[in-house]
Every structure is written in C-alpha cells, then in structure tokens.
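Q: What follows is input_34.txt, made up of compact mmCIF, C-alpha atoms:
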```txt
# COMPACT_ATOMS: atom_id res chain seq x y z
CA MET A 1 -3.88 189.13 233.53
CA GLY A 2 -2.87 189.40 229.87
CA THR A 3 -2.03 192.55 228.07
CA PRO A 4 -3.15 195.78 229.65
CA LEU A 5 -6.41 197.08 228.28
CA ASP A 6 -5.60 199.45 225.50
CA LEU A 7 -8.79 201.44 225.41
CA PHE A 8 -7.46 203.83 222.88
CA ALA A 9 -6.55 201.11 220.35
CA ALA A 10 -9.78 199.17 220.97
CA ALA A 11 -11.84 202.27 220.42
CA SER A 12 -11.07 202.09 216.72
CA ALA A 13 -12.17 199.36 214.29
CA GLU A 14 -8.59 198.58 213.43
CA GLY A 15 -7.82 197.62 217.04
CA ALA A 16 -10.90 195.35 217.38
CA TRP A 17 -10.60 192.36 219.72
CA THR A 18 -11.68 188.88 218.90
CA VAL A 19 -14.64 187.35 220.76
CA THR A 20 -12.29 184.98 222.47
CA GLU A 21 -10.03 187.77 223.63
CA VAL A 22 -12.80 189.82 225.18
CA THR A 23 -14.46 186.79 226.75
CA ARG A 24 -11.21 185.68 228.34
CA ARG A 25 -10.59 189.19 229.51
CA ALA A 26 -14.05 189.43 231.05
CA ARG A 27 -13.53 186.05 232.76
CA ALA A 28 -10.20 187.22 234.14
CA VAL A 29 -11.76 190.39 235.50
CA ILE A 30 -14.62 188.51 237.12
CA GLU A 31 -12.45 185.76 238.64
CA ALA A 32 -10.06 188.33 240.06
CA GLY A 33 -12.81 190.51 241.45
CA LEU A 34 -15.11 187.80 242.80
CA PRO A 35 -13.40 185.00 244.69
CA ALA A 36 -15.26 181.81 245.56
CA LEU A 37 -18.12 182.73 247.88
CA TRP A 38 -21.40 181.54 249.40
CA ILE A 39 -24.47 182.53 247.45
CA ARG A 40 -28.10 182.02 248.39
CA GLY A 41 -30.94 181.48 245.93
CA GLU A 42 -33.79 179.35 244.65
CA VAL A 43 -33.13 176.41 242.36
CA THR A 44 -34.78 176.50 238.96
CA GLY A 45 -34.44 174.64 235.67
CA PHE A 46 -32.49 171.77 237.19
CA LYS A 47 -31.04 169.23 234.77
CA ALA A 48 -28.70 166.33 235.48
CA TRP A 49 -26.69 165.33 232.47
CA ARG A 50 -25.67 161.83 231.61
CA SER A 51 -22.11 162.79 232.43
CA GLY A 52 -23.27 163.31 236.00
CA HIS A 53 -22.88 167.08 235.87
CA TRP A 54 -25.75 169.16 237.18
CA TYR A 55 -27.01 172.28 235.40
CA PHE A 56 -29.48 174.67 236.96
CA SER A 57 -30.05 178.30 237.74
CA LEU A 58 -30.22 180.19 240.98
CA ARG A 59 -32.60 183.06 241.15
CA ASP A 60 -34.22 185.54 243.43
CA LYS A 61 -36.90 188.14 242.73
CA THR A 62 -34.88 190.21 240.31
CA ALA A 63 -31.92 188.23 238.99
CA GLN A 64 -30.84 184.81 237.82
CA ILE A 65 -27.45 183.08 237.37
CA SER A 66 -26.63 179.85 235.53
CA CYS A 67 -24.90 177.24 237.64
CA VAL A 68 -22.95 174.10 236.94
CA MET A 69 -22.02 171.53 239.56
CA PHE A 70 -19.65 168.95 238.21
CA GLN A 71 -20.03 165.27 238.96
CA SER A 72 -16.82 165.32 241.01
CA ASP A 73 -18.45 167.87 243.29
CA ASN A 74 -22.02 166.56 243.45
CA ARG A 75 -21.33 162.85 243.90
CA GLY A 76 -21.11 163.29 247.68
CA LEU A 77 -24.67 164.58 247.77
CA PRO A 78 -27.51 162.15 248.39
CA ALA A 79 -29.94 163.64 245.89
CA PRO A 80 -30.36 166.51 243.45
CA PRO A 81 -32.07 169.61 244.84
CA ALA A 82 -35.76 169.82 244.10
CA GLU A 83 -37.13 172.59 241.89
CA GLY A 84 -37.85 175.72 243.90
CA THR A 85 -35.83 174.85 247.01
CA GLN A 86 -33.79 177.51 248.68
CA VAL A 87 -30.16 176.51 248.73
CA PHE A 88 -26.77 177.84 249.71
CA VAL A 89 -23.99 177.22 247.25
CA PHE A 90 -20.30 177.75 247.62
CA ALA A 91 -19.27 178.73 244.12
CA ARG A 92 -16.73 180.43 241.94
CA PRO A 93 -18.27 183.04 239.59
CA THR A 94 -16.86 182.79 236.09
CA ILE A 95 -17.69 183.00 232.41
CA TYR A 96 -18.37 180.00 230.25
CA ASP A 97 -16.33 180.94 227.22
CA ALA A 98 -18.16 178.81 224.67
CA LYS A 99 -21.43 180.62 225.35
CA GLY A 100 -20.27 183.80 226.91
CA ASP A 101 -22.51 183.05 229.86
CA PHE A 102 -21.85 184.40 233.32
CA GLN A 103 -22.11 181.35 235.56
CA LEU A 104 -21.32 179.85 238.92
CA ASN A 105 -19.12 176.78 239.26
CA VAL A 106 -20.73 175.26 242.33
CA ARG A 107 -18.44 173.31 244.65
CA GLU A 108 -20.84 172.75 247.54
CA LEU A 109 -24.58 172.83 247.87
CA LEU A 110 -26.61 172.96 251.07
CA SER A 111 -30.33 173.08 251.37
CA THR A 112 -31.67 175.75 253.69
CA GLU A 113 -34.22 173.34 255.09
CA GLN A 114 -33.17 171.35 258.15
CA GLY A 115 -31.36 168.35 256.77
CA GLY A 116 -32.50 169.48 253.32
CA LEU A 117 -31.20 167.21 250.62
CA TRP A 118 -30.44 164.46 253.05
CA LYS A 119 -33.98 164.48 254.24
CA LEU A 120 -35.22 164.21 250.70
CA ALA A 121 -32.88 161.33 249.95
CA LEU A 122 -33.89 159.69 253.20
CA GLU A 123 -37.57 159.94 252.34
CA LYS A 124 -36.92 158.42 248.93
CA ALA A 125 -34.90 155.57 250.38
CA LYS A 126 -37.51 155.05 253.07
CA ALA A 127 -40.22 154.81 250.44
CA ALA A 128 -38.17 152.25 248.52
CA LEU A 129 -37.59 150.17 251.64
CA ARG A 130 -41.26 150.39 252.56
CA LYS A 131 -42.28 149.28 249.09
CA ASP A 132 -40.16 146.17 249.54
CA GLY A 133 -41.79 145.48 252.90
CA LEU A 134 -38.58 146.04 254.85
CA LEU A 135 -40.23 148.49 257.26
CA ASP A 136 -43.10 146.14 258.08
CA PRO A 137 -43.30 145.78 261.88
CA ALA A 138 -44.21 142.11 261.40
CA ARG A 139 -40.71 141.58 260.04
CA LYS A 140 -39.18 142.37 263.38
CA ARG A 141 -37.77 139.28 265.00
CA ARG A 142 -37.66 138.53 268.70
CA LEU A 143 -34.27 138.66 270.28
CA PRO A 144 -32.99 135.40 271.79
CA ALA A 145 -33.70 135.27 275.53
CA PHE A 146 -30.29 133.79 276.35
CA PRO A 147 -27.77 134.66 273.64
CA ARG A 148 -24.71 132.44 273.29
CA ARG A 149 -22.75 134.54 270.81
CA ILE A 150 -23.31 138.22 270.13
CA ALA A 151 -21.77 139.83 267.07
CA VAL A 152 -20.77 143.48 267.31
CA VAL A 153 -20.40 145.35 264.04
CA THR A 154 -18.47 148.50 264.84
CA SER A 155 -15.10 150.18 264.74
CA PRO A 156 -12.53 148.12 266.69
CA ASP A 157 -11.22 151.21 268.44
CA GLY A 158 -14.48 153.06 269.07
CA ALA A 159 -16.18 153.65 272.40
CA ALA A 160 -19.15 151.54 271.31
CA LEU A 161 -17.26 148.28 271.61
CA ARG A 162 -15.95 149.12 275.08
CA ASP A 163 -19.43 150.10 276.28
CA ILE A 164 -20.97 146.90 274.97
CA GLU A 165 -18.24 144.77 276.50
CA VAL A 166 -18.73 146.35 279.92
CA VAL A 167 -22.49 145.75 279.92
CA VAL A 168 -22.31 142.17 278.60
CA THR A 169 -19.61 141.24 281.13
CA ARG A 170 -21.77 142.53 283.95
CA ARG A 171 -25.13 141.16 282.84
CA TRP A 172 -24.50 137.97 280.91
CA PRO A 173 -20.87 136.90 280.96
CA MET A 174 -21.64 133.51 279.48
CA ALA A 175 -22.20 135.15 276.10
CA GLU A 176 -19.28 135.45 273.74
CA LEU A 177 -18.75 138.74 271.94
CA VAL A 178 -17.59 138.49 268.36
CA LEU A 179 -16.23 141.68 266.92
CA VAL A 180 -16.88 142.17 263.24
CA ALA A 181 -14.78 145.23 262.57
CA ALA A 182 -16.11 147.86 260.21
CA LYS A 183 -15.33 151.42 259.28
CA VAL A 184 -18.45 153.26 260.47
CA GLN A 185 -17.79 156.74 259.15
CA GLY A 186 -15.92 158.56 256.42
CA GLU A 187 -14.77 157.41 253.02
CA GLY A 188 -15.61 153.76 252.30
CA ALA A 189 -17.74 153.32 255.44
CA GLU A 190 -20.80 152.21 253.48
CA ALA A 191 -18.98 149.37 251.75
CA SER A 192 -17.21 148.37 254.96
CA VAL A 193 -20.41 148.15 256.99
CA CYS A 194 -22.17 146.26 254.18
CA ALA A 195 -19.34 143.73 254.05
CA ALA A 196 -19.41 143.28 257.82
CA LEU A 197 -23.20 142.75 257.76
CA ALA A 198 -22.85 140.15 255.01
CA ARG A 199 -20.28 138.37 257.15
CA LEU A 200 -22.87 137.94 259.88
CA THR A 201 -24.85 135.65 257.62
CA LYS A 202 -22.16 134.01 255.54
CA GLY A 203 -19.09 134.24 257.74
CA GLY A 204 -19.83 131.08 259.75
CA LEU A 205 -19.73 133.15 262.93
CA ASP A 206 -22.57 131.18 264.51
CA VAL A 207 -23.97 134.16 266.39
CA ASP A 208 -27.59 134.41 267.50
CA VAL A 209 -27.94 138.18 267.70
CA ALA A 210 -25.99 141.17 266.37
CA ILE A 211 -25.45 144.76 267.45
CA VAL A 212 -24.57 147.33 264.80
CA GLY A 213 -23.32 150.49 266.31
CA ARG A 214 -21.10 153.42 266.88
CA GLY A 215 -20.61 156.03 269.60
CA GLY A 216 -22.25 159.43 269.50
CA GLY A 217 -21.14 162.05 267.05
CA ALA A 218 -22.17 164.68 264.61
CA ALA A 219 -25.27 164.08 262.55
CA GLU A 220 -23.17 163.88 259.37
CA ASP A 221 -21.42 160.86 260.81
CA LEU A 222 -24.74 159.02 260.75
CA TRP A 223 -24.90 159.11 256.98
CA THR A 224 -23.49 155.63 256.67
CA PHE A 225 -26.49 154.35 258.62
CA ASN A 226 -28.87 156.32 256.47
CA SER A 227 -27.63 154.66 253.32
CA GLU A 228 -30.24 152.55 251.60
CA ARG A 229 -27.56 150.06 250.67
CA VAL A 230 -26.51 149.60 254.29
CA ALA A 231 -30.16 149.36 255.38
CA ARG A 232 -30.79 146.60 252.84
CA ALA A 233 -27.65 144.77 253.93
CA LEU A 234 -28.88 144.98 257.52
CA ALA A 235 -32.33 143.68 256.58
CA ALA A 236 -30.71 140.67 254.91
CA VAL A 237 -28.87 139.53 258.05
CA SER A 238 -30.07 136.09 259.13
CA VAL A 239 -30.13 136.80 262.88
CA PRO A 240 -31.95 139.57 264.79
CA VAL A 241 -30.08 142.87 264.64
CA ILE A 242 -30.10 145.71 267.16
CA SER A 243 -29.12 149.09 265.79
CA ALA A 244 -27.23 151.33 268.17
CA VAL A 245 -26.15 154.21 266.08
CA GLY A 246 -25.84 156.43 269.07
CA HIS A 247 -28.10 159.32 268.27
CA GLU A 248 -31.15 160.08 270.36
CA THR A 249 -32.89 162.48 268.03
CA ASP A 250 -32.32 161.19 264.52
CA VAL A 251 -33.79 157.85 263.55
CA THR A 252 -31.67 156.36 260.79
CA LEU A 253 -32.74 153.98 258.04
CA CYS A 254 -30.81 151.25 259.83
CA ASP A 255 -32.86 151.95 262.96
CA LEU A 256 -36.06 151.50 260.96
CA VAL A 257 -34.97 148.23 259.40
CA ALA A 258 -33.35 146.75 262.52
CA ASP A 259 -35.26 144.32 264.72
CA LEU A 260 -34.72 146.68 267.64
CA ARG A 261 -33.47 150.23 267.90
CA ALA A 262 -31.39 151.13 270.91
CA PRO A 263 -30.45 154.72 271.75
CA THR A 264 -26.86 153.81 272.67
CA PRO A 265 -24.50 150.82 272.37
CA SER A 266 -24.85 150.24 276.13
CA ALA A 267 -28.63 150.13 275.79
CA ALA A 268 -28.26 147.70 272.90
CA ALA A 269 -26.12 145.42 275.05
CA GLU A 270 -28.75 145.60 277.81
CA ALA A 271 -31.48 144.69 275.37
CA ALA A 272 -29.45 141.79 273.98
CA THR A 273 -28.76 140.16 277.34
CA PRO A 274 -30.70 138.96 280.36
CA ASP A 275 -29.49 139.96 283.81
CA GLN A 276 -27.67 137.04 285.36
CA ALA A 277 -28.74 138.03 288.88
CA GLU A 278 -32.41 137.90 287.87
CA VAL A 279 -31.89 134.62 286.08
CA LEU A 280 -30.26 133.15 289.18
CA VAL A 281 -33.28 134.18 291.26
CA HIS A 282 -35.54 132.58 288.67
CA LEU A 283 -33.47 129.38 288.85
CA GLU A 284 -33.76 129.29 292.64
CA ARG A 285 -37.54 129.63 292.39
CA LEU A 286 -37.67 126.82 289.86
CA GLY A 287 -35.64 124.68 292.23
CA GLU A 288 -38.11 125.35 295.04
CA ARG A 289 -41.06 124.56 292.83
CA LEU A 290 -39.38 121.38 291.69
CA ALA A 291 -38.92 120.21 295.28
CA ARG A 292 -42.43 121.24 296.27
CA GLY A 293 -43.86 119.56 293.19
CA LEU A 294 -42.26 116.27 294.10
CA SER A 295 -43.13 116.42 297.78
CA GLN A 296 -46.76 117.21 296.94
CA ARG A 297 -46.77 114.34 294.51
CA SER A 298 -45.33 111.92 297.10
CA GLN A 299 -47.75 113.19 299.76
CA ARG A 300 -50.58 112.37 297.39
CA ALA A 301 -49.17 108.88 297.00
CA VAL A 302 -48.89 108.41 300.77
CA ASP A 303 -52.43 109.70 301.28
CA ARG A 304 -53.74 107.34 298.69
CA LEU A 305 -51.92 104.44 300.26
CA ASP A 306 -53.38 105.36 303.65
CA ARG A 307 -56.85 105.58 302.22
CA THR A 308 -56.46 102.22 300.53
CA GLY A 309 -55.26 100.66 303.80
CA ASP A 310 -58.24 102.07 305.67
CA ARG A 311 -60.64 100.73 303.14
CA LEU A 312 -59.02 97.32 303.25
CA THR A 313 -59.19 97.14 307.04
CA GLY A 314 -62.77 98.36 307.01
CA ALA A 315 -63.79 95.81 304.42
CA ILE A 316 -62.25 92.91 306.33
CA GLN A 317 -63.80 94.02 309.59
CA SER A 318 -67.31 94.25 308.27
CA ARG A 319 -66.85 90.93 306.57
CA LEU A 320 -65.79 89.38 309.89
CA GLU A 321 -68.76 90.87 311.68
CA GLN A 322 -71.13 89.50 309.08
CA SER A 323 -69.63 86.03 309.48
CA ARG A 324 -69.86 86.20 313.20
CA ALA A 325 -73.53 87.16 313.12
CA LEU A 326 -74.22 84.40 310.67
CA LEU A 327 -72.47 81.90 312.86
CA THR A 328 -74.53 82.89 315.89
CA ALA A 329 -77.73 82.54 313.95
CA HIS A 330 -76.75 79.16 312.58
CA SER A 331 -75.67 77.74 315.88
CA ALA A 332 -79.01 78.69 317.49
CA HIS A 333 -80.80 76.97 314.68
CA LEU A 334 -78.59 73.92 314.97
CA GLU A 335 -79.18 73.68 318.64
CA ALA A 336 -82.91 73.75 318.15
CA LEU A 337 -82.62 70.87 315.73
CA SER A 338 -80.30 68.77 317.88
CA PRO A 339 -81.77 65.25 318.62
CA LEU A 340 -80.28 65.39 322.07
CA LYS A 341 -82.84 68.07 322.87
CA ILE A 342 -85.59 65.67 321.86
CA LEU A 343 -84.12 62.86 323.93
CA ALA A 344 -84.03 65.23 326.88
CA ARG A 345 -87.73 65.66 326.53
CA GLY A 346 -88.12 61.85 327.20
CA TYR A 347 -87.95 60.33 323.73
CA ALA A 348 -85.64 57.34 323.02
CA VAL A 349 -84.01 56.05 319.79
CA ALA A 350 -83.71 52.37 319.02
CA ARG A 351 -80.78 51.26 316.83
CA ASP A 352 -79.67 47.83 315.62
CA GLU A 353 -76.14 46.52 316.02
CA LYS A 354 -75.11 48.48 312.92
CA GLY A 355 -76.41 51.74 314.29
CA ARG A 356 -79.45 51.89 311.98
CA VAL A 357 -82.49 53.49 313.52
CA LEU A 358 -85.36 51.05 314.05
CA LYS A 359 -88.58 52.91 313.39
CA ARG A 360 -91.20 50.25 312.61
CA VAL A 361 -92.76 47.26 314.36
CA LYS A 362 -91.64 45.05 311.45
CA GLN A 363 -88.04 45.84 312.32
CA LEU A 364 -88.53 44.65 315.84
CA PRO A 365 -89.51 40.95 315.77
CA SER A 366 -89.69 39.02 319.00
CA GLY A 367 -86.27 38.29 320.51
CA ARG A 368 -84.46 41.04 318.52
CA GLU A 369 -81.63 42.64 320.39
CA PHE A 370 -81.06 46.37 319.97
CA THR A 371 -79.71 49.38 321.77
CA LEU A 372 -81.78 52.14 323.16
CA ARG A 373 -80.42 55.63 323.27
CA VAL A 374 -81.87 57.82 325.99
CA THR A 375 -80.86 61.26 327.07
CA ASP A 376 -77.98 60.31 329.30
CA GLY A 377 -76.68 57.12 327.59
CA GLU A 378 -77.44 53.78 325.97
CA VAL A 379 -78.79 50.51 327.22
CA ASP A 380 -79.00 47.07 325.60
CA ALA A 381 -82.52 45.74 325.16
CA ARG A 382 -84.47 42.77 323.67
CA VAL A 383 -87.99 42.46 322.26
CA ARG A 384 -90.11 39.98 324.36
CA MET B 1 -24.08 120.42 276.22
CA PRO B 2 -27.42 122.10 275.48
CA GLY B 3 -27.48 125.89 275.55
CA PHE B 4 -28.69 127.73 278.61
CA GLY B 5 -31.98 128.63 276.94
CA GLU B 6 -32.88 125.03 276.13
CA GLN B 7 -31.76 123.95 279.59
CA LEU B 8 -34.06 126.47 281.24
CA GLU B 9 -36.98 125.76 278.94
CA ARG B 10 -36.83 122.04 279.73
CA LEU B 11 -36.54 122.78 283.43
CA GLU B 12 -39.61 125.01 283.32
CA ALA B 13 -41.55 122.33 281.46
CA ILE B 14 -40.57 119.74 284.08
CA VAL B 15 -41.70 121.96 286.95
CA ARG B 16 -45.02 122.67 285.25
CA GLN B 17 -45.60 118.98 284.58
CA LEU B 18 -44.73 118.03 288.12
CA GLU B 19 -47.09 120.67 289.49
CA ALA B 20 -50.01 120.10 287.20
CA GLU B 21 -50.19 116.46 286.21
CA ASP B 22 -51.08 113.43 288.25
CA LEU B 23 -48.14 111.29 287.31
CA ASP B 24 -47.04 107.89 288.47
CA LEU B 25 -44.80 108.29 291.44
CA ASP B 26 -42.12 106.61 289.39
CA GLU B 27 -42.56 109.09 286.57
CA ALA B 28 -42.58 112.01 289.01
CA LEU B 29 -39.32 110.83 290.54
CA LYS B 30 -37.68 110.52 287.16
CA LEU B 31 -38.79 114.06 286.23
CA PHE B 32 -37.57 115.37 289.54
CA GLU B 33 -34.14 113.83 289.04
CA GLU B 34 -33.88 115.28 285.55
CA GLY B 35 -35.00 118.67 286.87
CA VAL B 36 -32.37 118.66 289.59
CA GLU B 37 -29.70 117.75 287.06
CA ARG B 38 -30.74 120.54 284.70
CA LEU B 39 -30.95 123.04 287.53
CA ARG B 40 -27.43 122.14 288.57
CA ALA B 41 -26.09 122.42 285.02
CA ALA B 42 -27.81 125.75 284.43
CA ARG B 43 -26.48 127.18 287.67
CA GLU B 44 -23.02 125.98 286.77
CA GLN B 45 -23.23 127.58 283.33
CA LEU B 46 -24.27 130.84 284.93
CA THR B 47 -21.56 130.99 287.53
CA GLN B 48 -18.63 129.65 285.52
CA ALA B 49 -19.02 132.10 282.67
CA GLU B 50 -16.63 134.86 283.70
CA GLY B 51 -14.09 136.12 281.24
CA LYS B 52 -15.43 134.65 278.03
CA VAL B 53 -15.99 138.05 276.48
CA LYS B 54 -12.36 138.97 276.14
CA LYS B 55 -11.26 135.61 274.80
CA ALA B 56 -13.69 135.83 271.94
CA LEU B 57 -12.63 139.38 271.22
CA LYS B 58 -9.06 138.35 270.78
CA GLY B 59 -10.03 135.29 268.80
CA GLU B 60 -11.75 137.16 265.99
CA GLY B 61 -9.75 139.19 263.53
CA PRO B 62 -11.12 142.32 261.90
CA GLY B 63 -13.55 141.56 259.14
CA ARG B 64 -12.64 142.96 255.81
```
Kindly present the structure from the file in structure tokens form.

A:
Amino acid sequence: MGTPLDLFAAASAEGAWTVTEVTRRARAVIEAGLPALWIRGEVTGFKAWRSGHWYFSLRDKTAQISCVMFQSDNRGLPAPPAEGTQVFVFARPTIYDAKGDFQLNVRELLSTEQGGLWKLALEKAKAALRKDGLLDPARKRRLPAFPRRIAVVTSPDGAALRDIEVVVTRRWPMAELVLVAAKVQGEGAEASVCAALARLTKGGLDVDVAIVGRGGGAAEDLWTFNSERVARALAAVSVPVISAVGHETDVTLCDLVADLRAPTPSAAAEAATPDQAEVLVHLERLGERLARGLSQRSQRAVDRLDRTGDRLTGAIQSRLEQSRALLTAHSAHLEALSPLKILARGYAVARDEKGRVLKRVKQLPSGREFTLRVTDGEVDARVR
Amino acid sequence: MPGFGEQLERLEAIVRQLEAEDLDLDEALKLFEEGVERLRAAREQLTQAEGKVKKALKGEGPGR
C-alpha cells in the first residue's frame, strides 16, 4: 500500500504530493476498503464506444457513480441496458486515474425486470424476424403424414435423443432417425446448432422432417434457441422443423420460427409420427372397402346381365305370340278363299289336258275332251 | 419401392374410384388387383419395420 501516509510532512508545502501520488493513494484506499460488490441503481447516460466498452452512470435519488463495463465483460450480454432501467451490477469500485473520477468497473449486469436485458434483446430479434416475414403463420409447413427419415438436431448424449428414439420406435418404427449432433448449450452452442441446421439442407441427409431439441433445464440454457442467428438458420431449413426446446413456459425464437412447437422432445416425436396401430386399423378398413367395392361392382354387372336376359326372353316371346296370332288370322283367310270350298258348294272346274282352266264356250268346241274337277275328284268328259 | 405415404394415397384413391365410379368390370378388376397388391405391400412395410431406428443412429456420425 505504498509509503505510509506522512501527514506531518504533507501538511507543509515542501512535502506536497503529486497528483498522481494522491490519486493512486486514494485508489488504493478505496480498493482495499470496498471489495467487489453488488450495487443497485438506475442506468443513465449510456454510451457504447467503438471499442465495445460501455460507459454509463448509475444513480438513485441523491447520488450518482460513473461506470465502465469493458467489452470483455459485456459481450456475453444480449443488448445494452436501456436508459432509466433499474439494474444490478457486480462491480469493483475504483478511481480512474486519468480523470480522478470515482467509478465502478462493472463485471456483471442484471436487469431487475424479469428476464430484463434478454427480454429486450428477444423483442428486438423478434421484430427483425417479423419484418423479414419469418413469423408469418402462412410460412408454417405441414409435417409429412408418414415420415421416412427424421433428423434429430440435439446433443448426442442428452435425454432428448433417448426420448425421441423411444417414441419413434413405439409409434412408427419404419422411420429412420438421423442424429445430427450439436452442442445445444454453453460456449459455441450457437455456431454448433447453426452448422447442424445447415447440414439438414445441404448435408444430403434426405430427411423429410427434423426435430431440434434438448431436454429441460434452466432458462439460461435456452439462450441458444433465442439467438436470432439460430432462428434464421432454422427458418432456412428446407424441410419442416419441429422445435422441442423443452421448456413449457418460455417460448423461444426457434419455437416461433419452427413449423411446429412441441413442449418436449417426446411430444415432438409424437407430432412427427403417425401411430402404427391406428394406421394398421385404417389399412384393414381400406381392405374391407376394396373388397366391398369390387363385390358391389360385380353384383351390378350380374344384375345388368340378368336384366338383359329377361328383356331378351320377353322380346322373343312377344314376337312369337305376334307371329302365332298372325298365322291364325292368315290361315282363316286362306281357308275362306280355298277353291275346294267352292267345289263343295256344287261348282265344278273344267281343265284341258294341260291343266288350263276352260272358262268360255269358245274353248269347248264339240268333241273336245277335258277333265272335270268336282269336290271329291276328277272325271274325264267330252263336249257333245 | 414407393414410400408408405404414396402407397397409402394410391390405395385410398383406388378404393374411392371403385366405390364411386361405374367402371367396366374389367377396369374394376384391374383396380381391385392393384389395390390388393398395394394393401399387402403397405402392411408388409408396417410390420417389417422394427429396429431401423438404431441402425440409422449408428450409421450417422456427429455433425460438425
């Protein structure tokens, strides 16, 4: 802590300290007496420098302190605090030598509002996604009814994968699960999930639906899925995506962009697959309808054949009856006209040797021989 | 082999056609035969599917 304070020497002009000396001494006293601590106050005069460092003040009703939050400390935060927000900072009180200012070197910053800064960042990202139409409900694609290959973007050793596998095996075992491993939380998770999502489209995986998920966990672990970058990567996937981030209460950006949001990985797997038992029942019904359809169709054919046969028989019968009636009528008429009837009444027909009928006196000169046909036979005759 | 979805869609179309349309008996028979074949194939796909999940899991390496 430097040389002991020689109040006696400093009390005279000859023993005067330099500005630097007294500033350093003051800093040493403050840093020794005030360790890093949590401080509560309202943000005012916020300024982010090009270097990435943040400068602002914290104040309450009666006092104000300058604060600096270096880029290395603030880069983990989603957004700068808004003017006037109540925040908690974890900071080391010190003196900025160059200006002689008492200030706080802020290491951590938390908004007092629920979700505070994160909420703000989320709203901003949401607005950006909305502006680009990525939250439009019309964008949501229908999931395939009978998926062949289902991609699962998750941690290879997380519970999510196990849960999904169990459900798919039970409901729709004909689907293949393709694990696209990704780091879903912690350092580098954003980039890892983005890369995995890009693989769904460009990796030649030939899947027809994808589940992006993780097991339950603390709200902070959801940050990866609240990243605008991850949300945009998800929106760019060429097949329908189900988000299963595993948090009932918080809806993440990925949930909003996904084609379907499932509360858990198991629920996502249920949504992605039909139930094979139900499908089997449906198949049986189709089989019955198929058989019934054909038998009805053949019955119609038989009926039609029967009807045609009946009509044919009917037609022939009536035709026969007509002919018979006609025949009866004709034969009566014929009978009436028969010459034998006339002969029976006592008339006779004279014919020459050639059978020609002799009707006139001229044809019957004296001595002419002819035959005479009477009702019961013929006789030869001669004119006298 | 067509996927299960296409198989089922075609089967449903056949059933509808057989139920609704007045087809030639010949045509109806042909449809029926195709329907039976697709039904058989679909049922087979459904029941012979066990165990595919794990195979695929092992087949795919982690994506980085």

Q: What is the distance, in Å and to one decimal place, between atom CA of Asp60 of chain A and atom CA of Gly41 of chain A?

A: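 Atom CA of Gly41 of chain A lies at a distance of 5.8 Å from atom CA of Asp60 of chain A.
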
Q: Restrict the distance test to all atoms listed in the file, flag each residue of chain A within 10 Å of chain B, and return the flagged residues as a ChimeraX atom specification.

A: /A:144-150,152-153,155-156,165-166,168-170,172-183,191-193,195-197,199,203,205,276-277,279-280,282-284,286-298,300-301

Q: Compile the contact shell of segment 362-370 of chain A as a ChimeraX atom specification: residues with an atom at most 6 Å away, counting all atoms listed in the file, same-chain residues fewer than 5 positions apart removed.

A: /A:351-352,381-384

Q: Which residues come within 6 Å of segment 134-141 of chain A, counting all atoms listed in the file, excluding same-chain residues fewer than 6 positions away, as a ChimeraX atom specification?

A: /A:240,257,259

Q: Which distance in Å separates atom CA of Val251 of chain A and atom CA of Glu123 of chain A, to one decimal?

A: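 So the answer is 12.0 Å.
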
Q: N, CA, C and O atoms for segment 286-299 of chain A, written as an mmCIF file, keeping the file's coordinate frame, could you do that?

A:
```cif
data_model
loop_
_atom_site.group_PDB
_atom_site.id
_atom_site.type_symbol
_atom_site.label_atom_id
_atom_site.label_comp_id
_atom_site.auth_asym_id
_atom_site.auth_seq_id
_atom_site.Cartn_x
_atom_site.Cartn_y
_atom_site.Cartn_z
ATOM 1 N N LEU A 286 -37.349 128.066 290.564
ATOM 2 C CA LEU A 286 -37.670 126.820 289.860
ATOM 3 C C LEU A 286 -37.273 125.623 290.708
ATOM 4 O O LEU A 286 -37.986 124.628 290.771
ATOM 5 N N GLY A 287 -36.115 125.757 291.363
ATOM 6 C CA GLY A 287 -35.640 124.680 292.230
ATOM 7 C C GLY A 287 -36.629 124.414 293.349
ATOM 8 O O GLY A 287 -36.971 123.256 293.638
ATOM 9 N N GLU A 288 -37.133 125.504 293.962
ATOM 10 C CA GLU A 288 -38.110 125.350 295.040
ATOM 11 C C GLU A 288 -39.387 124.677 294.537
ATOM 12 O O GLU A 288 -39.922 123.769 295.176
ATOM 13 N N ARG A 289 -39.823 125.127 293.374
ATOM 14 C CA ARG A 289 -41.060 124.560 292.830
ATOM 15 C C ARG A 289 -40.881 123.089 292.486
ATOM 16 O O ARG A 289 -41.797 122.277 292.645
ATOM 17 N N LEU A 290 -39.693 122.772 292.040
ATOM 18 C CA LEU A 290 -39.380 121.380 291.690
ATOM 19 C C LEU A 290 -39.516 120.507 292.939
ATOM 20 O O LEU A 290 -40.178 119.468 292.937
ATOM 21 N N ALA A 291 -38.889 120.969 294.030
ATOM 22 C CA ALA A 291 -38.920 120.210 295.280
ATOM 23 C C ALA A 291 -40.346 120.097 295.803
ATOM 24 O O ALA A 291 -40.801 119.028 296.199
ATOM 25 N N ARG A 292 -41.063 121.242 295.762
ATOM 26 C CA ARG A 292 -42.430 121.240 296.270
ATOM 27 C C ARG A 292 -43.308 120.328 295.417
ATOM 28 O O ARG A 292 -44.132 119.582 295.932
ATOM 29 N N GLY A 293 -43.085 120.394 294.111
ATOM 30 C CA GLY A 293 -43.860 119.560 293.190
ATOM 31 C C GLY A 293 -43.711 118.089 293.536
ATOM 32 O O GLY A 293 -44.698 117.360 293.635
ATOM 33 N N LEU A 294 -42.485 117.684 293.804
ATOM 34 C CA LEU A 294 -42.260 116.270 294.100
ATOM 35 C C LEU A 294 -42.847 115.910 295.454
ATOM 36 O O LEU A 294 -43.489 114.863 295.609
ATOM 37 N N SER A 295 -42.658 116.781 296.443
ATOM 38 C CA SER A 295 -43.130 116.420 297.780
ATOM 39 C C SER A 295 -44.659 116.353 297.790
ATOM 40 O O SER A 295 -45.245 115.482 298.428
ATOM 41 N N GLN A 296 -45.294 117.278 297.018
ATOM 42 C CA GLN A 296 -46.760 117.210 296.940
ATOM 43 C C GLN A 296 -47.190 115.911 296.280
ATOM 44 O O GLN A 296 -48.137 115.250 296.701
ATOM 45 N N ARG A 297 -46.445 115.562 295.237
ATOM 46 C CA ARG A 297 -46.770 114.340 294.510
ATOM 47 C C ARG A 297 -46.613 113.113 295.428
ATOM 48 O O ARG A 297 -47.464 112.227 295.459
ATOM 49 N N SER A 298 -45.527 113.075 296.234
ATOM 50 C CA SER A 298 -45.330 111.920 297.100
ATOM 51 C C SER A 298 -46.361 111.913 298.214
ATOM 52 O O SER A 298 -46.837 110.863 298.627
ATOM 53 N N GLN A 299 -46.724 113.122 298.709
ATOM 54 C CA GLN A 299 -47.750 113.190 299.760
ATOM 55 C C GLN A 299 -49.050 112.590 299.247
ATOM 56 O O GLN A 299 -49.715 111.830 299.951
#
```
